[in-house]
Every structure is written in C-alpha cells, then in structure tokens.
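File shown: upload.cif (mmCIF, C-alpha atoms).
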data_entry
#
loop_
_atom_site.label_atom_id
_atom_site.label_comp_id
_atom_site.auth_asym_id
_atom_site.auth_seq_id
_atom_site.Cartn_x
_atom_site.Cartn_y
_atom_site.Cartn_z
CA MET A 450 6.56 -38.68 -10.63
CA GLU A 451 4.09 -35.87 -11.44
CA LEU A 452 3.10 -35.74 -7.78
CA PHE A 453 6.76 -35.49 -6.81
CA TYR A 454 7.30 -32.49 -9.10
CA PHE A 455 4.06 -30.92 -7.88
CA VAL A 456 5.16 -31.17 -4.25
CA GLU A 457 8.68 -30.02 -5.10
CA ALA A 458 7.31 -26.97 -6.93
CA ASN A 459 5.11 -26.01 -3.99
CA VAL A 460 7.25 -26.82 -0.98
CA LEU A 461 9.54 -23.76 -1.22
CA VAL A 462 6.57 -21.43 -1.71
CA LEU A 463 4.84 -23.15 1.20
CA ILE A 464 7.88 -22.53 3.43
CA LEU A 465 7.86 -18.91 2.24
CA GLY A 466 4.19 -18.64 3.22
CA CYS A 467 4.89 -19.98 6.72
CA TRP A 468 7.77 -17.53 7.14
CA LEU A 469 5.64 -14.65 5.88
CA SER A 470 2.76 -15.48 8.27
CA VAL A 471 5.08 -15.71 11.28
CA THR A 472 6.89 -12.50 10.34
CA ILE A 473 3.67 -10.52 9.93
CA LYS A 474 2.44 -11.83 13.27
CA LYS A 475 5.63 -10.62 14.95
CA GLU A 476 5.23 -7.22 13.30
CA GLY A 477 2.10 -6.64 15.38
CA THR A 478 -1.56 -6.97 14.43
CA LEU A 479 -3.20 -4.03 16.15
CA ARG A 480 -4.00 -2.22 12.90
CA ALA A 481 -6.92 -3.60 10.92
CA SER A 482 -4.89 -3.69 7.69
CA ASN A 483 -2.19 -5.78 9.40
CA GLN A 484 -4.79 -8.21 10.71
CA ILE A 485 -6.29 -8.63 7.25
CA PHE A 486 -2.89 -9.05 5.62
CA PHE A 487 -2.01 -11.71 8.21
CA ARG A 488 -5.26 -13.61 7.52
CA MET A 489 -4.58 -13.41 3.81
CA ALA A 490 -1.07 -14.83 4.21
CA VAL A 491 -2.31 -17.65 6.45
CA CYS A 492 -5.19 -18.53 4.09
CA THR A 493 -2.89 -18.60 1.06
CA THR A 494 -0.40 -20.81 2.88
CA ILE A 495 -3.21 -23.16 3.89
CA MET A 496 -4.40 -23.25 0.27
CA LEU A 497 -0.98 -24.42 -0.89
CA LEU A 498 -0.95 -27.07 1.81
CA LEU A 499 -4.46 -28.22 0.84
CA ASP A 500 -3.44 -28.39 -2.82
CA GLY A 501 -0.65 -30.76 -1.88
CA LEU A 502 -2.84 -32.89 0.38
CA CYS A 503 -5.61 -33.06 -2.23
CA ALA A 504 -3.11 -34.18 -4.87
CA PHE A 505 -1.83 -36.85 -2.49
CA ALA A 506 -5.30 -38.20 -1.58
CA ASN A 507 -6.83 -37.94 -5.05
CA GLY A 508 -7.20 -41.28 -6.83
CA ARG A 509 -6.12 -43.52 -3.95
CA PRO A 510 -8.59 -46.40 -3.59
CA GLU A 511 -8.71 -46.75 0.21
CA ASN A 512 -11.95 -45.60 1.88
CA SER A 513 -10.06 -43.37 4.29
CA PHE A 514 -8.53 -41.47 1.36
CA TYR A 515 -11.99 -41.15 -0.21
CA ILE A 516 -13.35 -39.47 2.94
CA ALA A 517 -10.20 -37.34 3.24
CA ASN A 518 -10.54 -36.27 -0.40
CA ILE A 519 -14.10 -35.04 0.17
CA VAL A 520 -13.18 -33.18 3.36
CA LEU A 521 -10.03 -31.64 1.86
CA HIS A 522 -11.77 -30.36 -1.27
CA THR A 523 -14.67 -28.99 0.76
CA VAL A 524 -12.31 -27.07 3.01
CA ARG A 525 -10.23 -26.01 0.01
CA HIS A 526 -13.23 -24.46 -1.76
CA ILE A 527 -14.29 -22.52 1.34
CA VAL A 528 -10.77 -21.30 2.19
CA ALA A 529 -10.29 -20.16 -1.43
CA LEU A 530 -13.44 -18.03 -1.14
CA TYR A 531 -12.39 -16.63 2.21
CA ALA A 532 -8.91 -15.78 0.95
CA SER A 533 -10.24 -13.96 -2.12
CA GLN A 534 -12.75 -11.87 -0.14
CA THR A 535 -9.97 -11.09 2.36
CA TRP A 536 -7.84 -9.86 -0.54
CA LEU A 537 -10.64 -7.43 -1.47
CA LEU A 538 -10.90 -6.20 2.14
CA TYR A 539 -7.16 -5.57 2.26
CA THR A 540 -7.34 -3.68 -1.03
CA LEU A 541 -10.02 -1.38 0.39
CA HIS A 542 -7.91 -0.77 3.50
CA PHE A 543 -4.84 -0.05 1.39
CA LEU A 544 -6.69 2.40 -0.85
CA ARG A 545 -8.45 4.15 2.08
CA PRO A 546 -5.88 4.02 4.91
CA LYS A 547 -7.50 6.80 6.93
CA GLN A 548 -11.04 5.45 6.68
CA SER A 549 -12.72 2.39 8.11
CA ILE A 550 -14.73 0.15 5.82
CA PRO A 551 -18.49 0.80 6.35
CA LYS A 552 -20.39 -2.00 8.03
CA TRP A 553 -22.83 -2.33 5.12
CA LEU A 554 -19.92 -2.81 2.70
CA ARG A 555 -18.36 -5.50 4.88
CA GLN A 556 -21.69 -7.31 4.99
CA ALA A 557 -22.13 -6.99 1.21
CA ILE A 558 -18.68 -8.50 0.66
CA LEU A 559 -19.55 -11.42 2.92
CA VAL A 560 -22.82 -12.25 1.09
CA PRO A 561 -21.26 -14.11 -1.90
CA PHE A 562 -18.89 -15.90 0.49
CA GLY A 563 -21.80 -17.08 2.64
CA ILE A 564 -24.00 -18.20 -0.24
CA VAL A 565 -21.29 -20.08 -2.14
CA SER A 566 -19.96 -21.67 1.07
CA ILE A 567 -23.43 -23.15 1.67
CA LEU A 568 -23.39 -24.47 -1.90
CA VAL A 569 -19.97 -26.01 -1.28
CA LEU A 570 -21.21 -27.86 1.80
CA ALA A 571 -24.35 -28.95 -0.06
CA SER A 572 -22.21 -30.31 -2.89
CA ILE A 573 -21.06 -33.16 -0.66
CA PHE A 574 -24.53 -34.59 -1.28
CA THR A 575 -25.79 -32.77 -4.39
CA LYS A 576 -22.57 -32.71 -6.47
CA TRP A 577 -23.41 -29.18 -7.65
CA LEU A 578 -19.94 -27.63 -7.44
CA PHE A 579 -17.78 -30.73 -7.16
CA PHE A 580 -17.90 -34.41 -6.34
CA VAL A 581 -15.52 -37.27 -5.64
CA ASP A 582 -16.23 -40.55 -7.41
CA LYS A 583 -16.75 -43.27 -4.81
CA TYR A 584 -15.11 -46.00 -6.88
CA THR A 585 -12.11 -44.16 -8.34
CA ASN A 586 -11.72 -41.49 -5.61
CA LEU A 587 -11.12 -38.89 -8.32
CA TYR A 588 -12.14 -35.25 -7.83
CA THR A 589 -14.43 -33.87 -10.56
CA ARG A 590 -15.90 -30.43 -11.10
CA GLY A 591 -19.69 -30.19 -10.82
CA LYS A 592 -21.95 -28.70 -13.47
CA PHE A 593 -22.27 -25.50 -11.40
CA SER A 594 -18.58 -25.21 -10.51
CA PHE A 595 -18.46 -21.93 -12.44
CA ILE A 596 -20.36 -20.32 -9.53
CA HIS A 597 -17.40 -20.83 -7.22
CA ASN A 598 -14.97 -19.53 -9.86
CA LEU A 599 -17.21 -16.55 -10.55
CA ALA A 600 -17.35 -15.58 -6.86
CA THR A 601 -13.62 -16.06 -6.33
CA TYR A 602 -12.49 -14.09 -9.35
CA THR A 603 -15.11 -11.40 -8.83
CA TYR A 604 -13.39 -10.61 -5.54
CA PHE A 605 -10.01 -10.46 -7.28
CA GLY A 606 -11.48 -8.52 -10.20
CA CYS A 607 -13.05 -5.92 -7.89
CA SER A 608 -9.69 -5.49 -6.16
CA ALA A 609 -8.00 -4.85 -9.51
CA HIS A 610 -10.79 -2.50 -10.63
CA PHE A 611 -10.69 -0.36 -7.47
CA SER A 612 -6.88 -0.19 -7.60
CA LEU A 613 -6.89 0.87 -11.25
CA VAL A 614 -9.52 3.57 -10.71
CA LYS A 615 -7.65 4.92 -7.68
CA MET A 616 -4.37 5.00 -9.62
CA LEU A 617 -5.93 6.83 -12.59
CA LYS A 618 -7.52 9.44 -10.32
CA CYS A 619 -4.40 9.98 -8.21
CA LYS A 620 -2.69 13.32 -8.85
CA PHE A 621 0.47 12.92 -6.79
CA LYS A 622 3.43 11.26 -8.47
CA GLN A 623 4.61 9.47 -5.33
CA ASP A 624 1.16 8.08 -4.56
CA LYS A 625 0.61 7.10 -8.21
CA MET A 626 3.88 5.13 -8.21
CA CYS A 627 2.87 3.32 -5.00
CA LEU A 628 -0.57 2.52 -6.44
CA THR A 629 1.02 1.26 -9.66
CA TYR A 630 3.08 -1.25 -7.67
CA PHE A 631 -0.01 -2.31 -5.74
CA LEU A 632 -2.01 -2.72 -8.96
CA VAL A 633 0.65 -5.07 -10.32
CA PHE A 634 0.38 -7.19 -7.18
CA VAL A 635 -3.42 -7.25 -7.41
CA LEU A 636 -3.37 -8.22 -11.09
CA MET A 637 -1.12 -11.24 -10.52
CA PRO A 638 -3.94 -13.39 -9.03
CA VAL A 639 -6.25 -12.30 -11.85
CA ALA A 640 -3.69 -13.22 -14.53
CA SER A 641 -2.86 -16.58 -12.95
CA GLY A 642 -6.59 -17.24 -12.49
CA ILE A 643 -7.22 -16.71 -16.19
CA ILE A 644 -4.44 -19.19 -17.00
CA THR A 645 -6.00 -21.73 -14.63
CA LEU A 646 -9.44 -21.27 -16.19
CA ILE A 647 -7.96 -21.99 -19.63
CA PHE A 648 -5.81 -24.87 -18.35
CA PRO A 649 -7.75 -26.28 -15.34
CA TYR A 650 -5.02 -28.69 -14.28
CA PHE A 651 -2.28 -26.05 -14.43
CA ASN A 652 -3.07 -24.73 -10.94
CA ILE A 653 -0.72 -21.82 -10.23
CA VAL A 654 -3.17 -19.33 -8.71
CA TRP A 655 -2.19 -19.70 -5.07
CA ILE A 656 1.52 -19.83 -5.82
CA PHE A 657 1.19 -16.50 -7.62
CA ILE A 658 -0.96 -15.05 -4.86
CA LEU A 659 1.58 -15.95 -2.20
CA LEU A 660 4.40 -14.52 -4.30
CA SER A 661 2.29 -11.37 -4.70
CA LEU A 662 1.86 -11.16 -0.93
CA PHE A 663 5.59 -11.57 -0.41
CA ALA A 664 6.34 -8.85 -2.96
CA LEU A 665 3.73 -6.56 -1.40
CA PHE A 666 5.05 -7.23 2.11
CA THR A 667 8.59 -6.44 0.96
CA ARG A 668 7.36 -3.24 -0.66
CA VAL A 669 5.53 -2.16 2.51
CA GLN A 670 8.57 -2.92 4.66
CA PHE A 671 10.77 -0.87 2.34
CA ALA A 672 8.26 1.99 2.46
CA GLN A 673 8.42 1.96 6.26
CA ILE A 674 12.19 2.42 6.03
CA VAL A 675 12.10 5.41 3.65
CA LYS A 676 8.64 6.91 4.29
CA ASP A 677 7.22 8.99 7.13
CA GLY A 678 4.39 7.02 8.69
CA LEU A 679 2.08 10.01 9.31
CA THR A 680 2.37 12.11 6.15
CA GLY A 681 3.47 9.49 3.63
CA LEU A 682 6.34 11.73 2.50
CA ASN A 683 9.97 10.64 2.43
CA ASN A 684 11.54 10.55 5.88
CA ARG A 685 14.70 12.21 7.18
CA ASN A 686 16.90 9.20 6.44
CA SER A 687 15.89 8.95 2.77
CA PHE A 688 16.27 12.73 2.42
CA ASP A 689 19.80 12.69 3.80
CA ASN A 690 20.80 9.86 1.48
CA TYR A 691 19.35 11.69 -1.50
CA ILE A 692 20.91 15.09 -0.85
CA TYR A 693 24.34 13.60 -0.27
CA SER A 694 24.12 11.53 -3.45
CA ILE A 695 22.94 14.45 -5.58
CA SER A 696 25.65 16.73 -4.17
CA TYR A 697 28.30 15.00 -6.32
CA ASP A 698 26.41 15.41 -9.61
CA LYS A 699 27.80 18.39 -11.51
CA ALA A 700 25.02 18.30 -14.09
CA PHE A 701 22.45 19.81 -11.73
CA SER A 702 21.77 23.04 -9.91
CA ALA A 703 20.21 22.35 -6.52
CA CYS A 704 17.85 24.45 -4.40
CA LEU A 705 16.68 23.37 -0.97
CA PHE A 706 13.42 24.61 0.56
CA MET A 707 12.93 24.36 4.31
CA ILE A 708 9.28 24.71 5.35
CA ASP A 709 8.00 25.07 8.90
CA ILE A 710 4.46 25.31 10.32
CA ASN A 711 3.91 28.57 12.20
CA PHE A 712 2.66 28.36 15.80
CA PHE A 713 2.46 24.56 15.60
CA LYS A 714 2.96 24.25 19.36
CA ASP A 715 -0.13 26.40 19.91
CA ILE A 716 -2.20 24.02 17.76
CA ASN A 717 -1.04 21.03 19.82
CA ASP A 718 -1.53 22.81 23.16
CA SER A 719 -4.92 24.30 22.34
CA TYR A 720 -6.56 21.54 20.30
CA GLY A 721 -4.61 18.38 21.15
CA HIS A 722 -2.05 16.22 19.39
CA PRO A 723 -4.57 14.47 17.10
CA GLU A 724 -5.42 17.88 15.66
CA GLY A 725 -1.71 18.57 15.37
CA ASP A 726 -1.31 15.36 13.39
CA GLN A 727 -4.09 16.47 11.06
CA ALA A 728 -2.32 19.79 10.58
CA LEU A 729 0.87 17.94 9.61
CA GLU A 730 -1.02 15.74 7.15
CA GLN A 731 -2.78 18.72 5.60
CA THR A 732 0.50 20.61 5.31
CA ALA A 733 2.11 17.67 3.53
CA LYS A 734 -0.89 17.44 1.19
CA ILE A 735 -0.77 21.13 0.21
CA ILE A 736 3.00 21.11 -0.29
CA SER A 737 2.76 18.00 -2.47
CA GLN A 738 -0.05 19.55 -4.50
CA ILE A 739 1.92 22.73 -5.27
CA LEU A 740 5.19 20.95 -6.03
CA LYS A 741 3.74 17.93 -7.86
CA ASP A 742 4.96 19.11 -11.28
CA GLU A 743 8.44 20.05 -10.08
CA ASN A 744 11.53 17.86 -10.18
CA CYS A 745 11.98 17.69 -6.44
CA MET A 746 12.11 15.35 -3.48
CA ILE A 747 9.76 16.24 -0.62
CA ALA A 748 10.40 14.95 2.89
CA ARG A 749 9.27 15.42 6.43
CA TYR A 750 12.52 16.67 7.89
CA GLY A 751 11.46 16.39 11.52
CA GLY A 752 8.65 17.56 13.81
CA ASP A 753 6.72 20.24 11.95
CA GLU A 754 9.51 20.93 9.45
CA PHE A 755 9.49 19.81 5.83
CA ALA A 756 12.19 19.85 3.16
CA ALA A 757 11.93 20.00 -0.64
CA LEU A 758 15.09 19.56 -2.68
CA PHE A 759 14.89 20.79 -6.28
CA VAL A 760 17.35 19.76 -8.95
CA SER A 761 17.52 21.44 -12.34
CA THR A 762 19.74 21.54 -15.40
CA GLU A 763 19.01 25.26 -15.83
CA GLN A 764 21.29 28.11 -14.80
CA LEU A 765 21.28 29.12 -11.15
CA GLN A 766 19.77 32.55 -11.86
CA LYS A 767 16.72 31.02 -13.52
CA VAL A 768 16.41 28.51 -10.68
CA ALA A 769 16.43 31.42 -8.20
CA VAL A 770 13.54 33.15 -10.01
CA ASN A 771 11.55 29.92 -10.02
CA ALA A 772 12.29 29.34 -6.33
CA GLU A 773 10.81 32.66 -5.27
CA ALA A 774 7.73 32.04 -7.43
CA LEU A 775 7.25 28.68 -5.71
CA ARG A 776 7.57 30.22 -2.28
CA LEU A 777 4.81 32.70 -3.12
CA ALA A 778 2.71 29.88 -4.59
CA LEU A 779 3.03 27.94 -1.31
CA TYR A 780 1.94 30.96 0.73
CA LYS A 781 -1.03 31.50 -1.56
CA ALA A 782 -2.06 27.83 -1.36
CA PHE A 783 -2.21 27.95 2.44
CA ALA A 784 -4.11 31.25 2.34
CA ASP A 785 -6.64 29.67 -0.03
CA TYR A 786 -6.96 26.66 2.27
CA ASN A 787 -7.61 28.86 5.30
CA SER A 788 -10.30 30.82 3.47
CA THR A 789 -12.40 27.67 3.11
CA SER A 790 -11.25 25.63 6.12
CA GLN A 791 -13.66 24.99 8.99
CA LYS A 792 -10.79 24.68 11.47
CA PRO A 793 -10.73 26.97 14.52
CA TYR A 794 -7.17 28.02 13.67
CA GLU A 795 -5.22 29.17 10.62
CA LEU A 796 -2.64 26.83 9.14
CA THR A 797 0.31 28.89 7.95
CA ILE A 798 3.92 28.17 7.07
CA SER A 799 7.28 29.86 6.76
CA VAL A 800 9.50 29.03 3.78
CA GLY A 801 13.23 29.53 3.47
CA TYR A 802 15.51 28.39 0.68
CA ALA A 803 19.14 28.36 -0.41
CA PHE A 804 21.26 27.09 -3.31
CA MET A 805 24.08 24.60 -3.46
CA LEU A 806 27.24 26.46 -4.38
CA GLY A 807 29.77 23.63 -4.44
CA ARG A 808 29.93 19.87 -4.70
CA GLY A 809 30.30 17.06 -2.21
CA GLU A 810 28.92 16.27 1.25
CA GLU A 811 30.38 19.41 2.80
CA SER A 812 28.47 21.53 0.28
CA ALA A 813 25.32 19.55 1.06
CA GLU A 814 25.73 20.28 4.78
CA GLN A 815 26.31 23.96 4.03
CA LEU A 816 23.15 23.97 1.90
CA ILE A 817 21.10 22.58 4.78
CA LYS A 818 22.54 25.19 7.19
CA ALA A 819 21.89 28.02 4.72
CA SER A 820 18.31 26.88 4.14
CA ASP A 821 17.73 26.62 7.89
CA GLN A 822 19.09 30.15 8.34
CA SER A 823 16.82 31.44 5.58
CA LEU A 824 13.86 29.71 7.24
CA TYR A 825 14.75 31.25 10.61
CA GLN A 826 14.85 34.74 9.10
CA GLU A 827 11.50 34.16 7.38
CA LYS A 828 9.90 32.94 10.61
CA GLN A 829 11.19 36.01 12.44
CA ARG A 830 9.66 38.22 9.76
CA ILE A 831 6.29 36.44 9.94
CA HIS A 832 6.24 36.47 13.75
CA THR A 833 7.02 40.19 13.72
CA LEU A 834 4.11 40.82 11.33
CA ALA A 835 1.81 38.66 13.45
CA ASN A 836 2.66 40.57 16.63
CA ARG A 837 2.20 43.87 14.82
CA TYR A 838 -1.37 43.04 13.83
CA LYS A 839 -2.46 41.62 17.17
#

Exercise: express the given structure as structure tokens:
Amino acid sequence: MELFYFVEANVLVLILGCWLSVTIKKEGTLRASNQIFFRMAVCTTIMLLLDGLCAFANGRPENSFYIANIVLHTVRHIVALYASQTWLLYTLHFLRPKQSIPKWLRQAILVPFGIVSILVLASIFTKWLFFVDKYTNLYTRGKFSFIHNLATYTYFGCSAHFSLVKMLKCKFKQDKMCLTYFLVFVLMPVASGIITLIFPYFNIVWIFILLSLFALFTRVQFAQIVKDGLTGLNNRNSFDNYIYSISYDKAFSACLFMIDINFFKDINDSYGHPEGDQALEQTAKIISQILKDENCMIARYGGDEFAALFVSTEQLQKVAVNAEALRLALYKAFADYNSTSQKPYELTISVGYAFMLGRGEESAEQLIKASDQSLYQEKQRIHTLANRYK
C-alpha cells in the first residue's frame, strides 16, 4: 500500500517532467543555457523514475531484483550528482547571460562529481556510500554516505549563495525582482534537501526540484512574452497593455518619454550590427540607471526607440518640472558615459515627452502621438546643432 501511494504521488510529477523535457527540446537547444536547462529537466525526470524503480525492487528476494537494486541505486547516486552540478551550471548561466563560464570553473565544478562518482562505483564492492544486503535485498546507507550528500547539497548551496549575492548587489528594480524569483526556485531544492536529511525516508527532493524547474520554465516563457530579448526591458506589447490600462485611472497624472538613439544607422553601417546591439544594450542600461528610483515603466518601443511612462499622484505642473529635470539628467548621463567610453563613436540620445490630458484609450493614443512629435522636434534640434558644429 505504501508503494502504491509512493508511485501515485510521483506519477503526475513524472509525467510533468516528461512534458517539460519534450517542450524544452522543441524550444530549441542552440543556446548553452537552454542545453543545460534541458539536461537538468531530463536528469530530474530520470531521478523520479529511478526512485520509483528502486522502491519497487527494494526488498524483493529474487536474485534478479537484488542485481537490479544495486544497479539502480548506483545509477541513481551518479545521476543525482550530475543533476545537482548541472543546476549550478545553469545558475551561473542565468546570472551571467552575456558571459561564458570559464573553462577552469567548469573543470572545478566537475571535480567533486568525478571523485564522488568513483566512490559510488567503488561502493558496489566496498560499501562506503551504500550497500544492498544480499539476503534481504534492502538498500542501506554506508558509513561515508554523507560524502555524497555533502557534494550534492554543496552544488545546490552554491547556487543559492550566488543567486542571493547577485540579488543583493543588483541595483535595478526589474532585475532584482527577476533574481528574487530565481532565488526562490533555487532555494526549493535546498529546503527539501534539509527535510530529507532530517527525515531520510521522506524523499521529496526531486519532486520539489522538478516543480522548481517547471515554475522557472513558466517564468522564463512569460518573460519572453513581455520582455525584449536584447535589452531585457519590457517589450512593445507589454508597454501597450500598460499604457491603455493606466489611461483609465483618474488617480494618476501620466507623462510619457520617448527616447531615440541619435545616428544609430551610422553606428550599424560603420561598425556592424553587433556593435549596434551593444549600443542598444548600453542605452537601456543608462536609461534604467537614471530612472531606477522613479515610478515608471521602461520599454523598448521598437528599433532604437525607447519609452518610459511615468505615473504620479502629484499635480501636473509639478510632474512637468520633474520631467524636464529627468530629460536633462538623461542627457548628462550619456555625456558622462561618452567621456569615459573607449568606443570609436559617441552614444547620444534625443528625448521628447508629453502629458496625458484626458482618460481612456483615445487619450493614450494621443499621448503617444504627442510624445513622438516632441521627440521629432528634439531630434531636429540636435541634428541642427550637430550640423552647425561640423
């Protein structure tokens, strides 16, 4: 009866793991982070399957089940190690999306996996980490089983530690929120692992890990819907939804900034599209830095154009004063960046803004048009000044 409930409790999660693995595979595995996430999902699904098979074989007197029990637990120990070190690799990719993991770090991460895997294989004969009684066919932990637990939870613990440090150091509200979600997902295996260490036969670690992966996958998919893939800002679709929803709220005054990179086509033509992408990323970073303390939504509106929608409970006149101060602060931030940048070009922007005068979707559309017109006038002014000083 206990075995029945064990299988029943795991079968739905196991089906979820199979679905998750197939779905990730269909999403494409060209990116290293996708490949690692796929391996992690597959390993966790296999762990759940092995848990079920081990429970089925454990204690059965036939010799074939005895051999199967040894093989299954050996594989289970090694896959558990591999899955936990893969979790750490994915964490590093998630926290450093623009950087590859150094070769020395990859090798260092593999060292505990290699050493403990050798100990697992040796335990078939030495009984160091585990053994299966020949007469009862019951699995028993070895006197050095803590080594396997230490290696496994060190990987999970490092993932949690790096995520926490990154979150505490993060200055941008949007990034901090994303890292907070990720930290919760990383802590779930640690929490379930602690429960399992206290209650060894209450094995919920891999169920929690798979549920964490599903939650993380759902979060990433949602981010792809509302986020711009290059800059990490909100995309045009999420911006449109937000501005139309806020347009009906009478409690707020709204100000929309439209921001455009000057001479962006020249950057692409002269230095290539990869350099243009870097210019877009740097622009998004500077804008986010200046507006991080403001109550606003920042989005990549399209191409080299960005939008920032401010909402405030203050009077419109005070909002107007603050808007002009922010425009000057943005210009100064880009001037400061150019003074220290090693780029062969200057990264400059034009900023236009307007205020919502009515309510409803029509007022929102008028706000966008007015902000675009203000941006156009500002670009004309800047281009005129640029031509004058040539």

_Report, in Å with one decimal, the straight-line distance from atom CA of Phe543 of chain A to atom CA of Ser612 of chain A._
9.2 Å

_On this structure, the PyMOL selection byres ((chain A and resi 594) around 12) would catch which residues? List them as a PyMOL selection string, sorted by chain and number._
chain A and resi 526+565+568-569+572+576-580+589-593+595-601+646+649

_List the spatial neighbours of segment 743-751 of chain A as an MDAnalysis selection string - criterion: any atom at most 12 Å away, all atoms listed in the file, same-chain residues fewer than 6 positions off excluded._
chainID A and resid 621:623 675:692 695 701:710 729:730 732:737 757:763 768 771:772 775 817 821

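For the structure shown here, the set of residues caught by the PyMOL selection byres ((chain A and resi 634-642) around 7) is A:Tyr602, A:Phe605, A:Gly606, A:Ser608, A:Ala609, A:Tyr630, A:Phe631, A:Leu632, A:Val633, A:Ile643, A:Ile644, A:Thr645, A:Leu646, A:Ile653, A:Val654, A:Phe657, A:Ile658, A:Ser661, A:Leu665.
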
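Each of A:Pro551, A:Gly801, A:Gly809, A:Pro793 was checked against Leu779 of chain A using all atoms listed in the file; the smallest atom-to-atom distance is that of A:Gly801.
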
*Go through the shown structure with the PyMOL selection byres ((chain A and resi 728) around 10) and write out the matching residues as a list in words.*
Ile710, Phe713, Ile716, Asn717, His722, Pro723, Glu724, Gly725, Asp726, Gln727, Leu729, Glu730, Gln731, Thr732, Ala733, Lys734, Asp753, Lys792, Glu795, Leu796 and Thr797 of chain A

*asked:* Rounded to one decimal, what separation in Å do you get between atom CA of Leu617 of chain A and atom CA of Thr493 of chain A?
replied: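 Straight-line distance from atom CA of Leu617 of chain A to atom CA of Thr493 of chain A works out to 29.0 Å.
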
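Nearest residue to Tyr697 of chain A among A:Ile485, A:Val770, A:Met805, A:Val800 is A:Met805, counting all atoms listed in the file.
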
Reconstruct all heavy atoms of segment 773-780 of chain A; output as a short mmCIF file (atom, residue, chain, number, x, y, z; two decimals), in the coordinates of the input.
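Once everything was written out, this is selection15.cif:
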data_model
loop_
_atom_site.label_atom_id
_atom_site.label_comp_id
_atom_site.auth_asym_id
_atom_site.auth_seq_id
_atom_site.Cartn_x
_atom_site.Cartn_y
_atom_site.Cartn_z
N GLU A 773 11.61 31.62 -5.92
CA GLU A 773 10.81 32.66 -5.27
C GLU A 773 9.34 32.55 -5.69
O GLU A 773 8.44 32.76 -4.87
CB GLU A 773 11.36 34.04 -5.63
CG GLU A 773 10.66 35.20 -4.92
CD GLU A 773 10.74 35.10 -3.40
OE1 GLU A 773 11.71 34.51 -2.88
OE2 GLU A 773 9.81 35.62 -2.72
N ALA A 774 9.11 32.22 -6.96
CA ALA A 774 7.73 32.04 -7.43
C ALA A 774 7.06 30.87 -6.69
O ALA A 774 5.88 30.96 -6.33
CB ALA A 774 7.74 31.79 -8.94
N LEU A 775 7.81 29.82 -6.43
CA LEU A 775 7.25 28.68 -5.71
C LEU A 775 6.97 29.02 -4.25
O LEU A 775 5.98 28.55 -3.68
CB LEU A 775 8.21 27.49 -5.80
CG LEU A 775 8.26 26.78 -7.16
CD1 LEU A 775 9.37 25.73 -7.17
CD2 LEU A 775 6.92 26.12 -7.47
N ARG A 776 7.84 29.82 -3.66
CA ARG A 776 7.57 30.22 -2.28
C ARG A 776 6.26 31.01 -2.19
O ARG A 776 5.44 30.75 -1.30
CB ARG A 776 8.72 31.07 -1.73
CG ARG A 776 8.38 31.66 -0.35
CD ARG A 776 9.55 32.00 0.49
NE ARG A 776 10.39 33.06 -0.04
CZ ARG A 776 11.48 33.53 0.59
NH1 ARG A 776 11.82 33.01 1.77
NH2 ARG A 776 12.21 34.47 0.05
N LEU A 777 6.06 31.92 -3.12
CA LEU A 777 4.81 32.70 -3.12
C LEU A 777 3.61 31.80 -3.41
O LEU A 777 2.53 32.00 -2.85
CB LEU A 777 4.91 33.81 -4.17
CG LEU A 777 5.98 34.89 -3.90
CD1 LEU A 777 6.03 35.89 -5.05
CD2 LEU A 777 5.70 35.60 -2.58
N ALA A 778 3.80 30.81 -4.27
CA ALA A 778 2.71 29.88 -4.59
C ALA A 778 2.32 29.06 -3.35
O ALA A 778 1.13 28.79 -3.12
CB ALA A 778 3.12 28.96 -5.73
N LEU A 779 3.31 28.67 -2.55
CA LEU A 779 3.03 27.94 -1.31
C LEU A 779 2.25 28.81 -0.33
O LEU A 779 1.26 28.35 0.27
CB LEU A 779 4.34 27.47 -0.67
CG LEU A 779 5.02 26.28 -1.35
CD1 LEU A 779 6.45 26.11 -0.82
CD2 LEU A 779 4.22 24.99 -1.11
N TYR A 780 2.67 30.06 -0.18
CA TYR A 780 1.94 30.96 0.73
C TYR A 780 0.50 31.15 0.28
O TYR A 780 -0.43 31.15 1.09
CB TYR A 780 2.66 32.31 0.79
CG TYR A 780 3.92 32.31 1.63
CD1 TYR A 780 4.95 33.22 1.39
CD2 TYR A 780 4.09 31.41 2.67
CE1 TYR A 780 6.09 33.23 2.15
CE2 TYR A 780 5.24 31.40 3.45
CZ TYR A 780 6.24 32.32 3.17
OH TYR A 780 7.38 32.32 3.94
#
